[in-house]
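Dumped target-v5.cif below, it's mmCIF, C-alpha atoms:
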data_protein
loop_
_atom_site.label_atom_id
_atom_site.label_comp_id
_atom_site.auth_asym_id
_atom_site.auth_seq_id
_atom_site.Cartn_x
_atom_site.Cartn_y
_atom_site.Cartn_z
CA MET G 1 173.35 287.64 -69.83
CA THR G 2 171.81 290.97 -70.86
CA GLN G 3 168.17 291.50 -71.74
CA SER G 4 168.97 291.91 -75.46
CA GLN G 5 170.77 288.57 -75.49
CA ASN G 6 167.55 286.81 -74.55
CA PHE G 7 165.85 287.89 -77.77
CA ARG G 8 167.06 286.06 -80.82
CA LYS G 9 166.69 287.04 -84.42
CA PRO G 10 164.16 284.95 -86.34
CA LYS G 11 165.70 282.04 -88.22
CA ARG G 12 166.31 282.50 -91.90
CA PHE G 13 163.33 281.12 -93.78
CA THR G 14 164.66 278.75 -96.38
CA SER G 15 162.66 277.17 -99.17
CA ASP G 16 163.15 273.77 -97.48
CA ALA G 17 161.12 275.02 -94.55
CA LEU G 18 158.55 276.54 -96.89
CA GLN G 19 158.20 273.31 -98.83
CA LYS G 20 157.78 271.35 -95.61
CA TYR G 21 154.52 273.18 -94.92
CA SER G 22 153.33 273.49 -98.53
CA PRO G 23 149.89 271.92 -99.14
CA ARG G 24 150.90 270.63 -102.60
CA GLY G 25 150.39 266.91 -102.94
CA LEU G 26 148.06 266.60 -99.94
CA LEU G 27 145.12 265.94 -102.31
CA LEU G 28 146.22 262.35 -102.72
CA TYR G 29 145.83 261.77 -98.98
CA PHE G 30 142.18 262.92 -99.05
CA LEU G 31 140.87 261.61 -102.39
CA PRO G 32 140.71 257.92 -101.42
CA ILE G 33 138.96 258.64 -98.10
CA ALA G 34 135.80 256.85 -99.36
CA LEU G 35 137.78 253.63 -99.06
CA LEU G 36 137.64 253.82 -95.26
CA PRO G 37 133.85 253.22 -95.05
CA ALA G 38 134.28 250.61 -97.81
CA ILE G 39 136.78 248.73 -95.61
CA VAL G 40 134.49 249.00 -92.57
CA ILE G 41 131.47 247.73 -94.56
CA ALA G 42 133.49 244.86 -96.04
CA LEU G 43 134.72 243.96 -92.54
CA ALA G 44 131.19 244.05 -91.13
CA LYS G 45 129.92 241.81 -93.90
CA GLY G 46 132.94 239.53 -93.76
CA HIS G 47 133.88 239.93 -97.45
CA LEU G 48 137.55 238.99 -97.39
CA ILE G 49 138.31 239.94 -101.00
CA ALA G 50 136.68 243.37 -100.59
CA ILE G 51 138.64 243.98 -97.36
CA LEU G 52 141.92 243.05 -99.04
CA VAL G 53 141.25 245.09 -102.21
CA ASN G 54 140.11 248.25 -100.40
CA ALA G 55 142.74 248.11 -97.64
CA THR G 56 145.55 247.48 -100.14
CA ALA G 57 144.32 250.30 -102.37
CA TYR G 58 144.13 252.73 -99.44
CA THR G 59 147.65 251.81 -98.27
CA LEU G 60 149.02 252.21 -101.79
CA TYR G 61 147.35 255.61 -102.19
CA LEU G 62 148.91 256.78 -98.91
CA PHE G 63 152.33 255.50 -100.00
CA SER G 64 151.92 257.22 -103.34
CA ALA G 65 151.00 260.50 -101.60
CA TRP G 66 154.11 260.19 -99.40
CA CYS G 67 156.31 259.59 -102.48
CA LEU G 68 154.73 262.56 -104.23
CA ARG G 69 155.35 264.91 -101.29
CA LYS G 70 158.98 263.76 -101.02
CA GLY G 71 159.37 264.22 -104.77
CA LEU G 72 157.94 267.75 -104.60
CA GLN G 73 160.29 268.65 -101.74
CA ALA G 74 163.26 267.31 -103.70
CA GLU G 75 162.13 269.32 -106.72
CA ALA G 76 162.07 272.51 -104.63
CA ARG G 77 165.62 271.80 -103.42
CA HIS G 78 166.68 271.11 -107.00
CA ARG G 79 165.31 274.49 -108.13
CA GLN G 80 167.63 276.14 -105.59
CA ARG G 81 170.66 274.08 -106.51
CA PRO G 82 170.39 272.84 -110.14
CA MET G 83 173.74 271.02 -109.96
CA ALA G 84 172.72 268.67 -107.20
CA SER G 85 170.86 265.57 -108.29
CA ALA G 86 167.21 266.08 -107.39
CA THR G 87 166.45 262.66 -105.94
CA LYS G 88 168.04 259.26 -105.75
CA TYR G 89 164.82 257.72 -107.16
CA PRO G 90 162.23 259.30 -109.50
CA LEU G 91 159.68 259.70 -106.70
CA LYS G 92 157.06 261.68 -108.64
CA LEU G 93 157.08 259.16 -111.48
CA LEU G 94 156.84 256.35 -108.92
CA ALA G 95 153.85 258.09 -107.28
CA ALA G 96 152.13 258.45 -110.68
CA ILE G 97 152.67 254.76 -111.52
CA ILE G 98 151.42 253.57 -108.11
CA THR G 99 148.36 255.84 -108.31
CA ALA G 100 147.54 254.63 -111.84
CA LEU G 101 147.94 250.92 -110.99
CA THR G 102 145.97 251.28 -107.76
CA THR G 103 143.12 253.11 -109.48
CA GLY G 104 143.03 250.48 -112.24
CA MET G 105 143.11 247.65 -109.68
CA LEU G 106 140.37 249.28 -107.61
CA ALA G 107 138.14 249.87 -110.65
CA TRP G 108 138.58 246.26 -111.78
CA LEU G 109 138.45 244.32 -108.50
CA GLY G 110 136.63 246.79 -106.22
CA ALA G 111 134.15 248.48 -108.55
CA ARG G 112 133.93 245.35 -110.79
CA GLN G 113 134.42 247.25 -114.04
CA THR G 114 135.62 245.45 -117.16
CA LEU G 115 139.35 245.28 -117.78
CA PRO G 116 139.38 247.88 -120.65
CA VAL G 117 137.39 250.32 -118.47
CA ALA G 118 139.78 249.72 -115.56
CA ALA G 119 142.70 250.43 -117.93
CA ALA G 120 140.98 253.70 -118.90
CA TYR G 121 140.73 254.63 -115.19
CA ALA G 122 144.44 253.88 -114.73
CA SER G 123 145.40 255.96 -117.81
CA GLY G 124 143.25 258.86 -116.59
CA ALA G 125 144.87 258.78 -113.14
CA PHE G 126 148.37 258.65 -114.67
CA LEU G 127 147.59 261.58 -116.96
CA GLY G 128 146.06 263.47 -114.03
CA MET G 129 149.22 262.97 -111.97
CA PHE G 130 151.41 264.13 -114.83
CA LEU G 131 149.32 267.23 -115.55
CA SER G 132 148.98 268.18 -111.89
CA TYR G 133 152.50 267.54 -110.66
CA GLY G 134 154.75 266.76 -113.65
CA PHE G 135 157.67 264.37 -113.40
CA ASP G 136 161.02 264.55 -111.64
CA PRO G 137 163.57 267.09 -112.87
CA LYS G 138 166.88 265.78 -114.12
CA ALA G 139 170.11 267.01 -112.56
CA LYS G 140 171.69 269.65 -114.74
CA SER G 141 174.54 267.98 -116.55
CA THR G 142 177.68 269.77 -115.59
CA GLN G 143 180.87 269.57 -117.52
CA GLY G 144 183.96 268.81 -115.54
CA ALA G 145 185.85 271.94 -114.68
CA GLN G 146 189.63 271.91 -114.36
CA GLY G 147 190.04 268.21 -113.74
CA TYR G 148 186.85 267.71 -111.71
CA SER G 149 183.89 265.80 -113.10
CA GLY G 150 180.37 267.19 -112.84
CA GLU G 151 179.55 264.45 -110.32
CA GLU G 152 182.51 265.39 -108.12
CA LEU G 153 181.49 269.03 -108.22
CA GLY G 154 177.89 268.22 -107.31
CA LYS G 155 178.99 265.99 -104.43
CA ALA G 156 181.43 268.55 -103.03
CA LEU G 157 178.83 271.31 -103.19
CA ALA G 158 176.19 269.10 -101.56
CA GLU G 159 178.66 268.39 -98.73
CA SER G 160 179.32 272.11 -98.37
CA HIS G 161 175.58 272.78 -98.17
CA GLY G 162 175.36 270.14 -95.46
CA MET G 163 178.15 271.86 -93.50
CA ILE G 164 176.40 275.23 -93.73
CA ARG G 165 173.17 273.71 -92.41
CA ARG G 166 175.15 272.12 -89.52
CA ILE G 167 176.69 275.50 -88.69
CA GLU G 168 173.17 277.00 -88.63
CA GLN G 169 171.91 274.20 -86.38
CA ALA G 170 174.82 274.58 -83.95
CA GLY G 171 174.34 278.38 -83.99
CA SER G 172 170.69 278.00 -83.03
CA LYS G 173 171.79 276.29 -79.78
CA ILE G 174 173.91 279.27 -78.72
CA ARG G 175 171.91 281.82 -76.73
CA ASN G 176 173.91 284.91 -77.57
CA HIS G 177 172.49 287.57 -79.86
CA GLU G 178 175.86 288.77 -81.14
CA PHE G 179 177.10 285.27 -81.95
CA ASN G 180 173.77 284.33 -83.57
CA ASN G 181 174.02 287.34 -85.88
CA ARG G 182 177.63 286.60 -86.81
CA ILE G 183 176.91 282.92 -87.53
CA GLU G 184 173.89 283.87 -89.63
CA ARG G 185 175.98 286.33 -91.65
CA ILE G 186 178.68 283.68 -92.15
CA CYS G 187 176.08 281.20 -93.43
CA GLU G 188 174.61 283.77 -95.80
CA ILE G 189 178.04 284.58 -97.27
CA ALA G 190 178.84 280.86 -97.58
CA ASP G 191 175.53 280.25 -99.39
CA ASN G 192 176.39 283.09 -101.79
CA ILE G 193 179.84 281.64 -102.48
CA ILE G 194 178.36 278.20 -103.23
CA ALA G 195 175.78 279.80 -105.53
CA GLN G 196 178.64 281.60 -107.27
CA ILE G 197 180.48 278.30 -107.83
CA GLU G 198 177.29 276.65 -109.09
CA ALA G 199 176.85 279.48 -111.58
CA ASP G 200 180.44 279.16 -112.78
CA PRO G 201 182.03 275.77 -111.92
CA ARG G 202 185.42 277.04 -113.12
CA ASP G 203 185.66 278.78 -109.74
CA PHE G 204 185.62 275.41 -108.01
CA ARG G 205 189.37 274.81 -108.05
CA ARG G 206 190.00 278.16 -106.43
CA ALA G 207 187.23 277.64 -103.90
CA ARG G 208 188.21 274.07 -103.05
CA LYS G 209 190.42 275.10 -100.14
CA PHE G 210 187.67 277.35 -98.87
CA LEU G 211 185.24 274.46 -98.86
CA ASN G 212 187.76 272.18 -97.13
CA VAL G 213 189.36 274.54 -94.63
CA TYR G 214 187.07 277.47 -93.90
CA LEU G 215 183.72 275.71 -93.85
CA ASP G 216 185.01 272.69 -91.97
CA GLY G 217 186.78 274.96 -89.47
CA ALA G 218 183.69 277.12 -89.03
CA MET G 219 181.56 274.02 -88.50
CA GLN G 220 183.91 272.49 -85.93
CA VAL G 221 184.34 275.70 -83.96
CA THR G 222 180.60 276.47 -83.89
CA GLU G 223 179.60 272.94 -82.92
CA GLY G 224 182.35 272.85 -80.28
CA TYR G 225 181.27 276.16 -78.79
CA ALA G 226 177.58 275.16 -78.85
CA LYS G 227 178.51 272.11 -76.72
CA THR G 228 180.59 274.04 -74.21
CA HIS G 229 178.02 276.87 -74.18
CA SER G 230 175.57 274.70 -72.27
CA GLN G 231 178.29 274.04 -69.66
CA LEU G 232 178.99 277.77 -69.50
CA GLN G 233 175.38 278.38 -68.60
CA LEU G 234 175.64 275.82 -65.85
CA GLY G 235 178.64 277.71 -64.47
CA GLN G 236 181.08 274.86 -64.96
CA LEU G 237 183.52 276.87 -67.06
CA GLU G 238 185.00 280.35 -67.02
CA PRO G 239 183.00 282.10 -69.76
CA ALA G 240 184.88 285.34 -70.48
CA GLN G 241 188.03 283.93 -72.09
CA LEU G 242 186.16 281.28 -74.08
CA GLU G 243 183.63 283.81 -75.37
CA GLN G 244 186.44 286.15 -76.41
CA ASN G 245 188.24 283.34 -78.26
CA PHE G 246 185.04 282.36 -80.03
CA ARG G 247 184.36 286.00 -80.93
CA ASN G 248 187.88 286.31 -82.41
CA VAL G 249 187.50 283.17 -84.48
CA LEU G 250 184.05 284.18 -85.77
CA GLU G 251 185.40 287.61 -86.73
CA THR G 252 188.28 286.02 -88.62
CA ILE G 253 186.00 283.55 -90.36
CA GLU G 254 183.52 286.24 -91.37
CA THR G 255 186.28 288.46 -92.75
CA SER G 256 187.85 285.53 -94.57
CA PHE G 257 184.51 284.51 -96.09
CA LEU G 258 183.94 288.04 -97.35
CA GLU G 259 187.45 288.13 -98.79
CA GLN G 260 186.92 284.74 -100.41
CA GLN G 261 183.78 286.00 -102.07
CA GLN G 262 185.56 289.11 -103.28
CA LYS G 263 188.54 287.15 -104.57
CA LEU G 264 186.31 284.81 -106.49
CA LEU G 265 184.81 287.82 -108.18
CA GLU G 266 188.22 289.32 -108.87
CA ASP G 267 189.88 286.06 -110.00
CA ASP G 268 192.81 286.80 -107.67
CA ILE G 269 194.09 283.31 -107.05
CA PHE G 270 197.49 283.95 -105.49
CA ASP G 271 196.26 286.32 -102.79
CA LEU G 272 193.47 283.90 -101.94
CA ASP G 273 195.88 281.02 -101.31
CA VAL G 274 197.97 283.20 -99.00
CA LYS G 275 194.87 284.20 -97.00
CA ILE G 276 193.90 280.55 -96.64
CA GLU G 277 197.33 279.71 -95.21
CA VAL G 278 196.97 282.56 -92.70
CA LEU G 279 193.51 281.36 -91.61
CA THR G 280 194.67 277.75 -91.31
CA ALA G 281 197.49 278.89 -89.04
CA GLN G 282 195.08 280.89 -86.89
CA LEU G 283 192.59 278.05 -86.59
CA LYS G 284 195.45 275.77 -85.51
CA ARG G 285 196.62 278.37 -83.00
CA GLU G 286 193.10 278.61 -81.53
CA GLY G 287 193.09 274.84 -81.21
CA ILE G 288 190.29 274.33 -83.75
CA LEU G 289 192.13 272.39 -86.45
CA MET K 1 148.34 275.19 -122.46
CA SER K 2 148.90 277.52 -119.56
CA GLY K 3 150.09 276.07 -116.25
CA PHE K 4 146.82 276.87 -114.51
CA PHE K 5 144.61 275.01 -117.00
CA ARG K 6 147.03 272.10 -117.11
CA LYS K 7 146.85 271.73 -113.33
CA LEU K 8 143.07 272.20 -113.37
CA LEU K 9 142.66 269.46 -115.96
CA GLY K 10 144.97 267.21 -113.95
CA PHE K 11 142.95 267.90 -110.80
CA VAL K 12 139.65 267.10 -112.57
CA LEU K 13 141.11 263.88 -113.98
CA LEU K 14 142.42 262.77 -110.58
CA LEU K 15 139.16 263.70 -108.87
CA THR K 16 137.12 261.81 -111.48
CA THR K 17 139.17 258.63 -111.73
CA ILE K 18 140.14 258.15 -108.06
CA GLY K 19 136.83 259.54 -106.79
CA LEU K 20 134.76 257.26 -109.05
CA ALA K 21 136.88 254.18 -108.41
CA THR K 22 136.77 254.59 -104.62
CA CYS K 23 133.06 255.51 -104.45
CA GLN K 24 132.05 252.66 -106.75
CA SER K 25 134.14 250.30 -104.66
CA MET K 26 132.28 251.49 -101.56
CA LEU K 27 128.91 251.03 -103.30
CA LYS K 28 129.84 247.49 -104.33
CA ALA K 29 130.86 246.73 -100.76
CA GLU K 30 127.40 247.77 -99.57
CA PRO K 31 124.77 247.03 -102.22
CA VAL K 32 122.14 248.80 -100.06
CA PHE K 33 123.53 252.12 -101.26
CA ASP K 34 123.09 250.95 -104.87
CA GLN K 35 119.46 250.01 -104.25
CA LEU K 36 118.81 253.29 -102.44
CA LEU K 37 120.15 255.28 -105.39
CA LEU K 38 118.12 253.17 -107.85
CA SER K 39 114.87 253.61 -105.90
CA GLN K 40 115.46 257.37 -105.68
CA SER K 41 116.05 257.61 -109.43
CA LYS K 42 112.83 255.63 -110.12
CA GLN K 43 110.81 258.01 -107.96
#
Would you mind writing the file out in structure tokens?
Amino acid sequence: MTQSQNFRKPKRFTSDALQKYSPRGLLLYFLPIALLPAIVIALAKGHLIAILVNATAYTLYLFSAWCLRKGLQAEARHRQRPMASATKYPLKLLAAIITALTTGMLAWLGARQTLPVAAAYASGAFLGMFLSYGFDPKAKSTQGAQGYSGEELGKALAESHGMIRRIEQAGSKIRNHEFNNRIERICEIADNIIAQIEADPRDFRRARKFLNVYLDGAMQVTEGYAKTHSQLQLGQLEPAQLEQNFRNVLETIETSFLEQQQKLLEDDIFDLDVKIEVLTAQLKREGIL
Amino acid sequence: MSGFFRKLLGFVLLLTTIGLATCQSMLKAEPVFDQLLLSQSKQ
């Protein structure tokens, strides 16, 4: 392995990674911190009700903060891909409801306020959550395109996104600068094609084979090579031929992806189908499909 | 209302409601704090 192969290009920085380290929503973890001394004091004095109220409130606040962070991460993903449903559950709304109920319960049972005052606390907390973080976005309703429902389209595109991420993950295990660059380029082109389909779902029928054949093939070949790559490093296999085969396949896939993108732009359906048949045959020949 | 002021108002509301509820709950758990605050305000 040459010196240059030891240095790898930095990983593409996606918004998922950015959102993972975003401080938004952390406030809810810190605001109820005064409950910790309250629990300790209640424990020391042996006030069972106070222990239960404060400990339950603290747990609920932490759960609410977790829901809020998950909801914010889902919202960031949704901004990137409007067709995909943002979350299975309305996590931000759930966080707002839990925060409001917990604050109301704490004001009533912990701070011994009257019920109307506790309700005012709960309303204030709910409004605060809404103004600070908003509620969950709804998935953009997509009309079925050429026999496919909006739900089918969203599901297929989500699966394709998953495949691209798996290709990236497998690529990160391969310690070869050239292959890393090629895989990264392939993933970028694939992301662009998916974005193109999301912008105009009518392209989906023409891109369906691409999603089924190309992406799946690329994923299988990259994951397969990543596995054998570790054995190559241990000297168990003859590397030269395998590396050359992998290089050939990556070249073909990259070219095909670029062509696919171009054909989508040009609306050249017949030529595209022919290219897909050629690639399928090659992938079979290389023992990938 | 601009986004900044909306978030600021939300932050103030959250800080006030959750902060007050939790601090009052702590004060009720330890009445000594209550008495300390009262004696300081009398002085």
Report as a list in words the set of chain G residues whose atoms approach chain K to within 6 Å, with distances computed over all atoms listed in the file. Ala34, Leu35, Ala38, Ala42, Ala107, Gly110, Ala111, Tyr121, Ala125, Gly128, Leu131 and Ser132 of chain G
Ground truth for the PyMOL selection byres ((chain G and resi 226) around 12), written as JSON, numbers by chain: {"G": [166, 167, 168, 169, 170, 171, 172, 173, 174, 175, 176, 179, 180, 183, 219, 220, 221, 222, 223, 224, 225, 227, 228, 229, 230, 231, 232, 233, 242, 243, 246]}
Please report the interatomic distance between atom CA of G:Phe257 and atom CA of G:Ile193 in Å with one decimal. 8.4 Å
Residues within 12 Å of G:Gly134, only C-alpha atoms, excluding chain neighbours under 6 positions, as a list of chain:residue names: G:Gly25, G:Leu68, G:Gly71, G:Leu72, G:Glu75, G:Pro90, G:Leu91, G:Lys92, G:Leu93, G:Leu94, G:Ala95, G:Ala96, G:Phe126, G:Leu127, G:Gly128, K:Gly3, K:Arg6, K:Lys7, K:Gly10
Reference answer for the PyMOL selection byres ((chain G and resi 215) around 9), as a ChimeraX atom specification: /G:160,163-164,167,190,210-214,216-220,253
Atom CA of G:Leu258 to atom CA of G:Cys187, straight-line distance in Å: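 One can read the atom CA of G:Cys187 to atom CA of G:Leu258 distance as 11.1 Å.
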Pairwise distance for atom CA of G:Glu184 and atom CA of G:Gln73, rounded to one decimal in Å: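 Atom CA of G:Gln73 lies 23.7 Å from atom CA of G:Glu184.
Considering the residues G:Leu106, G:Ala74, G:Leu153, G:Ala100 and counting only C-alpha atoms, G:Ala50 has its shortest atom-to-atom contact with G:Leu106.
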Report as AutoDock Vina command-line options the centre and the edge lengths, in Å to one decimal, of the axis-aligned box holding every listed atom of stretch 5-15 of chain K, padded by 6 Å on each side.
--center_x 143.1 --center_y 268.9 --center_z -113.0 --size_x 19.9 --size_y 24.2 --size_z 20.2
